[in-house]
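Below: one structure, written as structure tokens.
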Amino acid sequence: MSTKITAQISASQISLTVNGEARRIARGSAIADLVTALGLNPAKVAVERNGVIAPRSTLGAVLLAEGDVLEIVHFVGGGDHPVAGGGGDASPDDSWPDDSWSVAGRRFTSRLIVGTGKYKDFAQNAAALAASGAEIVTVAVRRVNVSDPSAPMLTDFIDPAKITYLPNTAGCFTAEDAIRTLRLAREAGGWDLVKLEVLGEARTLYPDMRETLKATEVLANEGFLPMVYCTDDPIGAKQLESAGAVAVMPLGAPIGSGLGIQNRVTIRLIVEGASVPVLVDAGVGTASDAAVAMELGCDGVLMNTAIAEAKDPIRMAHAMRLAVAAGRSAYLAGRMGTRKYADPSSPLAGLI
């Protein structure tokens, strides 16, 4: 190819950086042209151009310029309605009063929220979701794989029109990163009900409460409805509530540890002091852990690893569904008091 032709081609194109990769596109192209050229559906992604989110309604009008840096993201499995086979918690008697719950004015039947990470594939994830009866799933916001735009997406298996997606900020270590992530999530799907977590460090994945509080205030002021992952600290939980959290989600144990609820006292204190829903988030390992959370009076439980890493995730999902329902029923029934000494079930009077 001659130098002249090469120069003409170069002049007719501009250079961009898309999701960290160098790309070229015809001069005068709009963002929508780029998205389409990548083989992506503009309705399923969000685009950030030079650090500013480009509203979906403007993608066809905003022209690209030399040196633009773009991030194109979508939802992936990470640690979110009625589904085939039924929805909420089973009740042994249809005459029992409705025991649904609400967060930020949205009502749900199931008190179990599940994650979408660590499954062997999206099909298994969808099957576990159906077995759990959950109506809310957490989803992570990640870059689109522009090298393989035809790769399966979570939305192909879990329909956001039937299941409530709860975009989360998994992997964010600063308030700034968490806020940026959720702004993109809102653009990608229009969701304002979100799960906020800002981590302190990678080894324990404990929340950084100072950054978490800062992010909660900003997000609430921008119209988000943040459900917030936090330490099992009653004072910190009330501070988050005052900052605009629509639910507080204290950890039972470190994320992915499966250790169960380590401090029942503080979880119970958070429940007693809260005027927003309280959900245990992180640390659940098996069905009895979920039941304990509900017996403490929590409004719900969020889990991912306990189901996804079980030897039979589908069966474990069903077990968690039953455990949450059983724990909630036990809480409503009111447990017997504890005693220091034995108290016989049968009367001693009239013994033969």
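By order in the structure tokens, chains are A, B, ...; within a chain, residues start at 1; ligands start at 1, following the order shown.
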
* Which residues come within 8 Å of stretch 211-223 of chain A, counting only C-alpha atoms, excluding same-chain residues fewer than 4 positions away, as a VMD selection string? -> chain A and resid 174 to 176 178 to 179 192 196 to 198 207 228 230 239 to 240 243 to 245

* Asked: Just how far from atom CA of A:Arg49 is atom CA of A:Leu225, in Å to one decimal?
  ->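 Computed distance, atom CA of A:Leu225 to atom CA of A:Arg49, equals 25.0 Å.
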
* To do: Can you pull out every residue within 9 Å of stretch 251-264 of chain A, counting only C-alpha atoms, but drop anything in the same chain fewer than 2 positions away, and send it as a ChimeraX atom specification?
  => /A:204-206,229-232,249,266-269,279-286,288-290,292-293,296,303-306

* Apply DSSP to the structure's backbone, then extract all residues of stretch 198-320 of chain A labelled helix (DSSP H, G or I) and return them as a VMD selection string. => chain A and resid 209 to 221 234 to 243 264 to 273 287 to 295 305 to 308 313 to 320

Which stretch 194-311 of chain A residues have any atom within 8 Å of an atom of stretch 101-125 of chain A, and for each, what is the nearest pair of atoms with distance in Å to one decimal, counting only C-alpha atoms, rows sorted by chain and number, as CSV?
```
residue,atom,partner,partner_atom,distance
A:Leu225,CA,A:Ala104,CA,6.9
A:Val246,CA,A:Ala104,CA,5.9
A:Ala247,CA,A:Val103,CA,7.0
A:Val276,CA,A:Val103,CA,7.7
A:Pro277,CA,A:Val103,CA,6.7
A:Asp299,CA,A:Arg111,CA,6.6
A:Gly300,CA,A:Arg111,CA,4.5
A:Val301,CA,A:Leu112,CA,5.3
A:Leu302,CA,A:Ile113,CA,4.5
A:Met303,CA,A:Val114,CA,5.1
A:Asn304,CA,A:Gly115,CA,4.5
A:Thr305,CA,A:Lys118,CA,7.0
A:Ala308,CA,A:Tyr119,CA,5.3
A:Glu309,CA,A:Lys118,CA,7.1
```

* To do: Excluding stretch 316-322 of chain A and residues on its chain fewer than 4 positions from it, collect all residues at most 8 Å away from it, counting only C-alpha atoms, and give them as a list in words.
  =>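 Once the nearby chain positions are removed, what remains is Asp89, Ala90, Leu112, Ala128, Leu129, Ala131, Ser132, Gly133, Ala134, Thr286, Ala287, Ala290, Ala306, Ile307, Ala310, Asp312 and Ala326 of chain A.
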
Selection file, N, CA and C atoms, as a compact mmCIF listing (two decimals), in the first residue's frame:
```txt
# COMPACT_ATOMS: atom_id res chain seq x y z
N ASP A 89 -41.53 -17.71 49.98
CA ASP A 89 -41.38 -18.71 51.01
C ASP A 89 -42.67 -19.51 51.18
N ALA A 90 -42.53 -20.80 51.40
CA ALA A 90 -43.69 -21.66 51.53
C ALA A 90 -44.34 -21.47 52.89
N LEU A 112 -35.00 -14.13 50.76
CA LEU A 112 -33.67 -14.60 50.37
C LEU A 112 -33.21 -13.84 49.13
N ALA A 128 -30.29 -22.47 39.95
CA ALA A 128 -30.20 -22.27 41.39
C ALA A 128 -31.12 -21.14 41.84
N LEU A 129 -31.20 -20.10 41.04
CA LEU A 129 -32.10 -19.00 41.35
C LEU A 129 -33.55 -19.49 41.43
N ALA A 131 -34.59 -22.50 42.05
CA ALA A 131 -34.75 -23.37 43.22
C ALA A 131 -34.82 -22.56 44.52
N SER A 132 -34.16 -21.43 44.56
CA SER A 132 -34.12 -20.61 45.77
C SER A 132 -35.41 -19.82 45.99
N GLY A 133 -36.16 -19.58 44.91
CA GLY A 133 -37.35 -18.75 45.02
C GLY A 133 -37.06 -17.28 45.19
N ALA A 134 -35.79 -16.89 45.10
CA ALA A 134 -35.41 -15.49 45.32
C ALA A 134 -35.97 -14.60 44.21
N THR A 286 -24.29 -22.60 55.51
CA THR A 286 -25.26 -23.67 55.32
C THR A 286 -26.62 -23.20 55.80
N ALA A 287 -27.62 -24.07 55.66
CA ALA A 287 -28.99 -23.68 55.93
C ALA A 287 -29.21 -23.22 57.36
N ALA A 290 -28.57 -19.54 57.83
CA ALA A 290 -29.65 -18.68 57.32
C ALA A 290 -30.81 -18.65 58.30
N ALA A 306 -22.25 -19.77 49.56
CA ALA A 306 -22.85 -20.93 50.23
C ALA A 306 -23.64 -21.79 49.26
N ILE A 307 -24.24 -21.17 48.27
CA ILE A 307 -24.98 -21.92 47.25
C ILE A 307 -24.06 -22.31 46.11
N ALA A 310 -21.52 -25.11 46.87
CA ALA A 310 -22.02 -26.38 47.40
C ALA A 310 -21.78 -27.48 46.37
N ASP A 312 -23.87 -29.60 45.43
CA ASP A 312 -25.08 -29.58 44.60
C ASP A 312 -25.74 -28.21 44.79
N ALA A 326 -38.26 -21.15 57.45
CA ALA A 326 -38.38 -21.75 58.79
C ALA A 326 -37.89 -20.78 59.87
```

Write out as a PDB file with N, CA, C and O atoms, in the first residue's frame the residues lying within 7 Å of stretch 17-30 of chain A, counting only C-alpha atoms and excluding same-chain residues fewer than 5 positions away.
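Output contents, as saved in out.pdb:
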```
ATOM      1  N   SER A  12      -8.800   9.543   7.657  1.00  0.00           N
ATOM      2  CA  SER A  12     -10.237   9.295   7.721  1.00  0.00           C
ATOM      3  C   SER A  12     -10.656   8.577   8.997  1.00  0.00           C
ATOM      4  O   SER A  12     -11.833   8.321   9.205  1.00  0.00           O
ATOM      5  N   LEU A  59     -26.452   8.552  22.626  1.00  0.00           N
ATOM      6  CA  LEU A  59     -25.364   7.798  22.000  1.00  0.00           C
ATOM      7  C   LEU A  59     -25.288   8.007  20.494  1.00  0.00           C
ATOM      8  O   LEU A  59     -24.212   7.958  19.902  1.00  0.00           O
ATOM      9  N   GLY A  60     -26.422   8.243  19.876  1.00  0.00           N
ATOM     10  CA  GLY A  60     -26.412   8.442  18.428  1.00  0.00           C
ATOM     11  C   GLY A  60     -26.017   9.837  18.021  1.00  0.00           C
ATOM     12  O   GLY A  60     -25.733  10.090  16.842  1.00  0.00           O
ATOM     13  N   ALA A  61     -25.974  10.766  18.975  1.00  0.00           N
ATOM     14  CA  ALA A  61     -25.687  12.165  18.649  1.00  0.00           C
ATOM     15  C   ALA A  61     -24.283  12.604  19.050  1.00  0.00           C
ATOM     16  O   ALA A  61     -23.732  13.542  18.478  1.00  0.00           O
ATOM     17  N   VAL A  62     -23.694  11.918  20.042  1.00  0.00           N
ATOM     18  CA  VAL A  62     -22.378  12.324  20.549  1.00  0.00           C
ATOM     19  C   VAL A  62     -21.290  11.774  19.627  1.00  0.00           C
ATOM     20  O   VAL A  62     -21.113  10.560  19.500  1.00  0.00           O
ATOM     21  N   LEU A  63     -20.558  12.672  18.982  1.00  0.00           N
ATOM     22  CA  LEU A  63     -19.494  12.261  18.072  1.00  0.00           C
ATOM     23  C   LEU A  63     -18.212  11.980  18.827  1.00  0.00           C
ATOM     24  O   LEU A  63     -17.875  12.674  19.798  1.00  0.00           O
ATOM     25  N   LEU A  64     -17.489  10.976  18.357  1.00  0.00           N
ATOM     26  CA  LEU A  64     -16.219  10.607  18.972  1.00  0.00           C
ATOM     27  C   LEU A  64     -15.102  11.504  18.451  1.00  0.00           C
ATOM     28  O   LEU A  64     -15.158  11.993  17.317  1.00  0.00           O
ATOM     29  N   ASP A  68     -10.233   9.870  22.506  1.00  0.00           N
ATOM     30  CA  ASP A  68     -11.276   9.570  23.498  1.00  0.00           C
ATOM     31  C   ASP A  68     -10.960   8.254  24.216  1.00  0.00           C
ATOM     32  O   ASP A  68     -10.460   7.295  23.617  1.00  0.00           O
ATOM     33  N   VAL A  69     -11.287   8.229  25.505  1.00  0.00           N
ATOM     34  CA  VAL A  69     -11.152   7.009  26.307  1.00  0.00           C
ATOM     35  C   VAL A  69     -12.547   6.587  26.741  1.00  0.00           C
ATOM     36  O   VAL A  69     -13.263   7.351  27.397  1.00  0.00           O
ATOM     37  N   LEU A  70     -12.943   5.390  26.343  1.00  0.00           N
ATOM     38  CA  LEU A  70     -14.294   4.915  26.636  1.00  0.00           C
ATOM     39  C   LEU A  70     -14.265   3.642  27.474  1.00  0.00           C
ATOM     40  O   LEU A  70     -13.385   2.791  27.302  1.00  0.00           O
ATOM     41  N   GLU A  71     -15.219   3.546  28.377  1.00  0.00           N
ATOM     42  CA  GLU A  71     -15.462   2.317  29.122  1.00  0.00           C
ATOM     43  C   GLU A  71     -16.872   1.858  28.769  1.00  0.00           C
ATOM     44  O   GLU A  71     -17.829   2.630  28.862  1.00  0.00           O
ATOM     45  N   ILE A  72     -16.997   0.613  28.341  1.00  0.00           N
ATOM     46  CA  ILE A  72     -18.299   0.041  28.014  1.00  0.00           C
ATOM     47  C   ILE A  72     -18.509  -1.134  28.961  1.00  0.00           C
ATOM     48  O   ILE A  72     -17.714  -2.083  28.980  1.00  0.00           O
ATOM     49  N   ARG A 143     -16.465  -4.549  32.649  1.00  0.00           N
ATOM     50  CA  ARG A 143     -16.250  -4.209  31.251  1.00  0.00           C
ATOM     51  C   ARG A 143     -16.816  -5.286  30.330  1.00  0.00           C
ATOM     52  O   ARG A 143     -16.720  -6.476  30.602  1.00  0.00           O
TER      53      ARG A 143
END
```

* Backbone-only DSSP, strand (DSSP E or B) members of stretch 221-329 of chain A, as a list in words ->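 DSSP on the backbone gives strand (DSSP E or B) at Leu225, Pro226, Met227, Val228, Tyr229, Cys230, Ala247, Val248, Met249, Pro250, Val278, Leu279, Val280, Asp281, Gly300, Val301, Leu302 and Met303 of chain A.
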
Just want the 9 Å neighbourhood of stretch 156-170 of chain A, counted on only C-alpha atoms, with same-chain residues fewer than 2 positions away dropped. Output as a PDB file with N, CA, C and O atoms, in the first residue's frame.
```pdb
ATOM      1  N   PHE A  75     -23.641  -6.077  32.949  1.00  0.00           N
ATOM      2  CA  PHE A  75     -23.763  -6.815  34.206  1.00  0.00           C
ATOM      3  C   PHE A  75     -23.250  -8.230  34.029  1.00  0.00           C
ATOM      4  O   PHE A  75     -23.543  -8.897  33.035  1.00  0.00           O
ATOM      5  N   GLY A  78     -21.946 -11.934  39.892  1.00  0.00           N
ATOM      6  CA  GLY A  78     -21.097 -11.432  40.966  1.00  0.00           C
ATOM      7  C   GLY A  78     -21.932 -11.178  42.195  1.00  0.00           C
ATOM      8  O   GLY A  78     -23.144 -11.083  42.147  1.00  0.00           O
ATOM      9  N   GLY A  79     -20.912 -11.337  43.166  1.00  0.00           N
ATOM     10  CA  GLY A  79     -21.356 -11.188  44.486  1.00  0.00           C
ATOM     11  C   GLY A  79     -20.734 -10.170  45.220  1.00  0.00           C
ATOM     12  O   GLY A  79     -20.036  -9.630  44.913  1.00  0.00           O
ATOM     13  N   ASP A  80     -28.962 -10.581  41.448  1.00  0.00           N
ATOM     14  CA  ASP A  80     -28.809 -10.518  42.068  1.00  0.00           C
ATOM     15  C   ASP A  80     -30.733  -9.736  40.874  1.00  0.00           C
ATOM     16  O   ASP A  80     -28.588  -9.142  40.990  1.00  0.00           O
ATOM     17  N   HIS A  81     -40.389 -11.670  42.001  1.00  0.00           N
ATOM     18  CA  HIS A  81     -40.686 -12.108  40.635  1.00  0.00           C
ATOM     19  C   HIS A  81     -41.121 -13.555  40.643  1.00  0.00           C
ATOM     20  O   HIS A  81     -40.503 -14.457  41.123  1.00  0.00           O
ATOM     21  N   PRO A  82     -41.588 -13.652  40.232  1.00  0.00           N
ATOM     22  CA  PRO A  82     -41.980 -15.049  40.161  1.00  0.00           C
ATOM     23  C   PRO A  82     -41.163 -15.751  39.087  1.00  0.00           C
ATOM     24  O   PRO A  82     -40.960 -15.200  38.020  1.00  0.00           O
ATOM     25  N   VAL A  83     -40.698 -16.946  39.373  1.00  0.00           N
ATOM     26  CA  VAL A  83     -39.997 -17.739  38.370  1.00  0.00           C
ATOM     27  C   VAL A  83     -40.754 -19.044  38.202  1.00  0.00           C
ATOM     28  O   VAL A  83     -41.644 -19.363  38.976  1.00  0.00           O
ATOM     29  N   PHE A 122     -23.864 -19.729  33.424  1.00  0.00           N
ATOM     30  CA  PHE A 122     -25.087 -18.971  33.650  1.00  0.00           C
ATOM     31  C   PHE A 122     -26.304 -19.886  33.788  1.00  0.00           C
ATOM     32  O   PHE A 122     -27.256 -19.561  34.497  1.00  0.00           O
ATOM     33  N   ALA A 123     -26.304 -21.022  33.091  1.00  0.00           N
ATOM     34  CA  ALA A 123     -27.437 -21.936  33.161  1.00  0.00           C
ATOM     35  C   ALA A 123     -27.602 -22.496  34.576  1.00  0.00           C
ATOM     36  O   ALA A 123     -28.719 -22.576  35.103  1.00  0.00           O
ATOM     37  N   ASN A 125     -26.528 -21.070  37.264  1.00  0.00           N
ATOM     38  CA  ASN A 125     -26.917 -19.916  38.070  1.00  0.00           C
ATOM     39  C   ASN A 125     -28.438 -19.714  38.009  1.00  0.00           C
ATOM     40  O   ASN A 125     -29.114 -19.523  39.027  1.00  0.00           O
ATOM     41  N   ALA A 126     -29.004 -19.775  36.805  1.00  0.00           N
ATOM     42  CA  ALA A 126     -30.442 -19.576  36.635  1.00  0.00           C
ATOM     43  C   ALA A 126     -31.238 -20.691  37.312  1.00  0.00           C
ATOM     44  O   ALA A 126     -32.286 -20.435  37.917  1.00  0.00           O
ATOM     45  N   LEU A 129     -31.198 -20.100  41.039  1.00  0.00           N
ATOM     46  CA  LEU A 129     -32.102 -18.995  41.354  1.00  0.00           C
ATOM     47  C   LEU A 129     -33.549 -19.488  41.425  1.00  0.00           C
ATOM     48  O   LEU A 129     -34.288 -19.163  42.360  1.00  0.00           O
ATOM     49  N   ALA A 134     -35.792 -16.889  45.105  1.00  0.00           N
ATOM     50  CA  ALA A 134     -35.414 -15.488  45.317  1.00  0.00           C
ATOM     51  C   ALA A 134     -35.973 -14.604  44.213  1.00  0.00           C
ATOM     52  O   ALA A 134     -36.124 -15.034  43.067  1.00  0.00           O
ATOM     53  N   GLU A 135     -36.266 -13.375  44.577  1.00  0.00           N
ATOM     54  CA  GLU A 135     -36.787 -12.398  43.627  1.00  0.00           C
ATOM     55  C   GLU A 135     -35.784 -11.291  43.322  1.00  0.00           C
ATOM     56  O   GLU A 135     -36.033 -10.436  42.479  1.00  0.00           O
ATOM     57  N   ILE A 136     -34.651 -11.303  44.046  1.00  0.00           N
ATOM     58  CA  ILE A 136     -33.603 -10.293  43.862  1.00  0.00           C
ATOM     59  C   ILE A 136     -32.275 -11.015  43.688  1.00  0.00           C
ATOM     60  O   ILE A 136     -31.966 -11.952  44.435  1.00  0.00           O
ATOM     61  N   VAL A 137     -31.479 -10.567  42.710  1.00  0.00           N
ATOM     62  CA  VAL A 137     -30.123 -11.093  42.553  1.00  0.00           C
ATOM     63  C   VAL A 137     -29.141  -9.930  42.513  1.00  0.00           C
ATOM     64  O   VAL A 137     -29.428  -8.876  41.940  1.00  0.00           O
ATOM     65  N   THR A 138     -27.986 -10.112  43.132  1.00  0.00           N
ATOM     66  CA  THR A 138     -26.931  -9.110  43.025  1.00  0.00           C
ATOM     67  C   THR A 138     -26.138  -9.371  41.753  1.00  0.00           C
ATOM     68  O   THR A 138     -25.911 -10.522  41.360  1.00  0.00           O
ATOM     69  N   VAL A 139     -25.730  -8.289  41.101  1.00  0.00           N
ATOM     70  CA  VAL A 139     -24.949  -8.404  39.869  1.00  0.00           C
ATOM     71  C   VAL A 139     -23.796  -7.410  39.920  1.00  0.00           C
ATOM     72  O   VAL A 139     -23.925  -6.316  40.470  1.00  0.00           O
ATOM     73  N   ALA A 140     -22.671  -7.814  39.371  1.00  0.00           N
ATOM     74  CA  ALA A 140     -21.503  -6.943  39.327  1.00  0.00           C
ATOM     75  C   ALA A 140     -21.487  -6.181  38.007  1.00  0.00           C
ATOM     76  O   ALA A 140     -22.021  -6.634  36.990  1.00  0.00           O
ATOM     77  N   VAL A 141     -20.876  -5.017  38.013  1.00  0.00           N
ATOM     78  CA  VAL A 141     -20.731  -4.192  36.805  1.00  0.00           C
ATOM     79  C   VAL A 141     -19.295  -4.335  36.324  1.00  0.00           C
ATOM     80  O   VAL A 141     -18.360  -3.970  37.031  1.00  0.00           O
ATOM     81  N   PRO A 152     -21.979 -15.144  25.896  1.00  0.00           N
ATOM     82  CA  PRO A 152     -23.231 -15.096  26.662  1.00  0.00           C
ATOM     83  C   PRO A 152     -23.182 -14.020  27.752  1.00  0.00           C
ATOM     84  O   PRO A 152     -22.134 -13.750  28.334  1.00  0.00           O
ATOM     85  N   MET A 153     -24.326 -13.416  27.995  1.00  0.00           N
ATOM     86  CA  MET A 153     -24.446 -12.404  29.035  1.00  0.00           C
ATOM     87  C   MET A 153     -25.458 -12.880  30.072  1.00  0.00           C
ATOM     88  O   MET A 153     -26.364 -13.664  29.762  1.00  0.00           O
ATOM     89  N   LEU A 154     -25.309 -12.401  31.277  1.00  0.00           N
ATOM     90  CA  LEU A 154     -26.198 -12.810  32.364  1.00  0.00           C
ATOM     91  C   LEU A 154     -27.655 -12.539  32.014  1.00  0.00           C
ATOM     92  O   LEU A 154     -28.541 -13.345  32.329  1.00  0.00           O
ATOM     93  N   CYS A 172     -14.765  -2.688  44.945  1.00  0.00           N
ATOM     94  CA  CYS A 172     -14.431  -1.266  45.086  1.00  0.00           C
ATOM     95  C   CYS A 172     -13.819  -1.007  46.469  1.00  0.00           C
ATOM     96  O   CYS A 172     -14.343  -1.457  47.490  1.00  0.00           O
ATOM     97  N   PHE A 173     -12.726  -0.236  46.479  1.00  0.00           N
ATOM     98  CA  PHE A 173     -12.023   0.042  47.726  1.00  0.00           C
ATOM     99  C   PHE A 173     -12.051   1.519  48.103  1.00  0.00           C
ATOM    100  O   PHE A 173     -11.460   1.910  49.104  1.00  0.00           O
ATOM    101  N   ASP A 177     -14.720   5.110  43.583  1.00  0.00           N
ATOM    102  CA  ASP A 177     -14.905   4.000  42.646  1.00  0.00           C
ATOM    103  C   ASP A 177     -16.305   3.412  42.752  1.00  0.00           C
ATOM    104  O   ASP A 177     -16.917   3.047  41.746  1.00  0.00           O
ATOM    105  N   ALA A 178     -16.815   3.308  43.960  1.00  0.00           N
ATOM    106  CA  ALA A 178     -18.151   2.748  44.156  1.00  0.00           C
ATOM    107  C   ALA A 178     -19.215   3.639  43.530  1.00  0.00           C
ATOM    108  O   ALA A 178     -20.147   3.162  42.868  1.00  0.00           O
ATOM    109  N   ILE A 179     -19.081   4.933  43.718  1.00  0.00           N
ATOM    110  CA  ILE A 179     -20.046   5.884  43.157  1.00  0.00           C
ATOM    111  C   ILE A 179     -20.010   5.838  41.633  1.00  0.00           C
ATOM    112  O   ILE A 179     -21.051   5.797  40.972  1.00  0.00           O
ATOM    113  N   THR A 181     -19.084   3.354  39.733  1.00  0.00           N
ATOM    114  CA  THR A 181     -19.637   2.079  39.299  1.00  0.00           C
ATOM    115  C   THR A 181     -21.162   2.112  39.275  1.00  0.00           C
ATOM    116  O   THR A 181     -21.796   1.653  38.319  1.00  0.00           O
ATOM    117  N   LEU A 182     -21.767   2.674  40.311  1.00  0.00           N
ATOM    118  CA  LEU A 182     -23.224   2.675  40.382  1.00  0.00           C
ATOM    119  C   LEU A 182     -23.844   3.698  39.438  1.00  0.00           C
ATOM    120  O   LEU A 182     -24.968   3.497  38.964  1.00  0.00           O
ATOM    121  N   ALA A 185     -24.034   1.729  36.403  1.00  0.00           N
ATOM    122  CA  ALA A 185     -25.087   0.720  36.530  1.00  0.00           C
ATOM    123  C   ALA A 185     -26.456   1.329  36.264  1.00  0.00           C
ATOM    124  O   ALA A 185     -27.297   0.720  35.582  1.00  0.00           O
ATOM    125  N   ARG A 186     -26.663   2.526  36.778  1.00  0.00           N
ATOM    126  CA  ARG A 186     -27.957   3.171  36.554  1.00  0.00           C
ATOM    127  C   ARG A 186     -28.156   3.476  35.075  1.00  0.00           C
ATOM    128  O   ARG A 186     -29.251   3.326  34.543  1.00  0.00           O
ATOM    129  N   GLY A 189     -28.948   0.023  33.171  1.00  0.00           N
ATOM    130  CA  GLY A 189     -30.237  -0.632  33.346  1.00  0.00           C
ATOM    131  C   GLY A 189     -31.320   0.210  33.963  1.00  0.00           C
ATOM    132  O   GLY A 189     -32.456  -0.244  34.105  1.00  0.00           O
ATOM    133  N   TRP A 191     -31.476   1.150  37.050  1.00  0.00           N
ATOM    134  CA  TRP A 191     -31.751   0.777  38.430  1.00  0.00           C
ATOM    135  C   TRP A 191     -31.255   1.825  39.415  1.00  0.00           C
ATOM    136  O   TRP A 191     -30.132   2.315  39.314  1.00  0.00           O
ATOM    137  N   ASP A 192     -32.113   2.159  40.379  1.00  0.00           N
ATOM    138  CA  ASP A 192     -31.681   3.053  41.452  1.00  0.00           C
ATOM    139  C   ASP A 192     -31.550   2.319  42.779  1.00  0.00           C
ATOM    140  O   ASP A 192     -30.870   2.784  43.681  1.00  0.00           O
ATOM    141  N   LEU A 193     -32.201   1.153  42.909  1.00  0.00           N
ATOM    142  CA  LEU A 193     -32.008   0.316  44.094  1.00  0.00           C
ATOM    143  C   LEU A 193     -30.711  -0.452  43.889  1.00  0.00           C
ATOM    144  O   LEU A 193     -30.584  -1.241  42.946  1.00  0.00           O
ATOM    145  N   VAL A 194     -29.725  -0.210  44.742  1.00  0.00           N
ATOM    146  CA  VAL A 194     -28.381  -0.748  44.520  1.00  0.00           C
ATOM    147  C   VAL A 194     -27.815  -1.284  45.825  1.00  0.00           C
ATOM    148  O   VAL A 194     -28.285  -0.940  46.920  1.00  0.00           O
ATOM    149  N   LYS A 195     -26.797  -2.106  45.699  1.00  0.00           N
ATOM    150  CA  LYS A 195     -26.076  -2.587  46.872  1.00  0.00           C
ATOM    151  C   LYS A 195     -24.695  -1.937  46.908  1.00  0.00           C
ATOM    152  O   LYS A 195     -23.898  -2.087  45.976  1.00  0.00           O
ATOM    153  N   LEU A 196     -24.424  -1.237  47.979  1.00  0.00           N
ATOM    154  CA  LEU A 196     -23.149  -0.551  48.140  1.00  0.00           C
ATOM    155  C   LEU A 196     -22.240  -1.329  49.073  1.00  0.00           C
ATOM    156  O   LEU A 196     -22.643  -1.710  50.175  1.00  0.00           O
ATOM    157  N   GLU A 197     -21.023  -1.576  48.621  1.00  0.00           N
ATOM    158  CA  GLU A 197     -19.986  -2.074  49.518  1.00  0.00           C
ATOM    159  C   GLU A 197     -18.673  -1.405  49.147  1.00  0.00           C
ATOM    160  O   GLU A 197     -18.329  -1.314  47.972  1.00  0.00           O
ATOM    161  N   VAL A 198     -18.001  -0.896  50.145  1.00  0.00           N
ATOM    162  CA  VAL A 198     -16.675  -0.310  49.956  1.00  0.00           C
ATOM    163  C   VAL A 198     -15.742  -1.048  50.900  1.00  0.00           C
ATOM    164  O   VAL A 198     -15.887  -0.967  52.115  1.00  0.00           O
ATOM    165  N   LEU A 199     -14.793  -1.772  50.330  1.00  0.00           N
ATOM    166  CA  LEU A 199     -13.946  -2.661  51.107  1.00  0.00           C
ATOM    167  C   LEU A 199     -12.715  -1.946  51.646  1.00  0.00           C
ATOM    168  O   LEU A 199     -12.198  -1.016  51.023  1.00  0.00           O
TER     169      LEU A 199
END
```

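Atom to atom, atom CA of A:Val248 and atom CA of A:Met209 stand 12.2 Å apart.
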
* Would you mind listing what lies within 10 Å of A:Ser329 as a ChimeraX atom specification, with only C-alpha atoms counted and same-chain residues fewer than 2 positions away left out? => /A:91,99,291,294-295,323-327,331-334
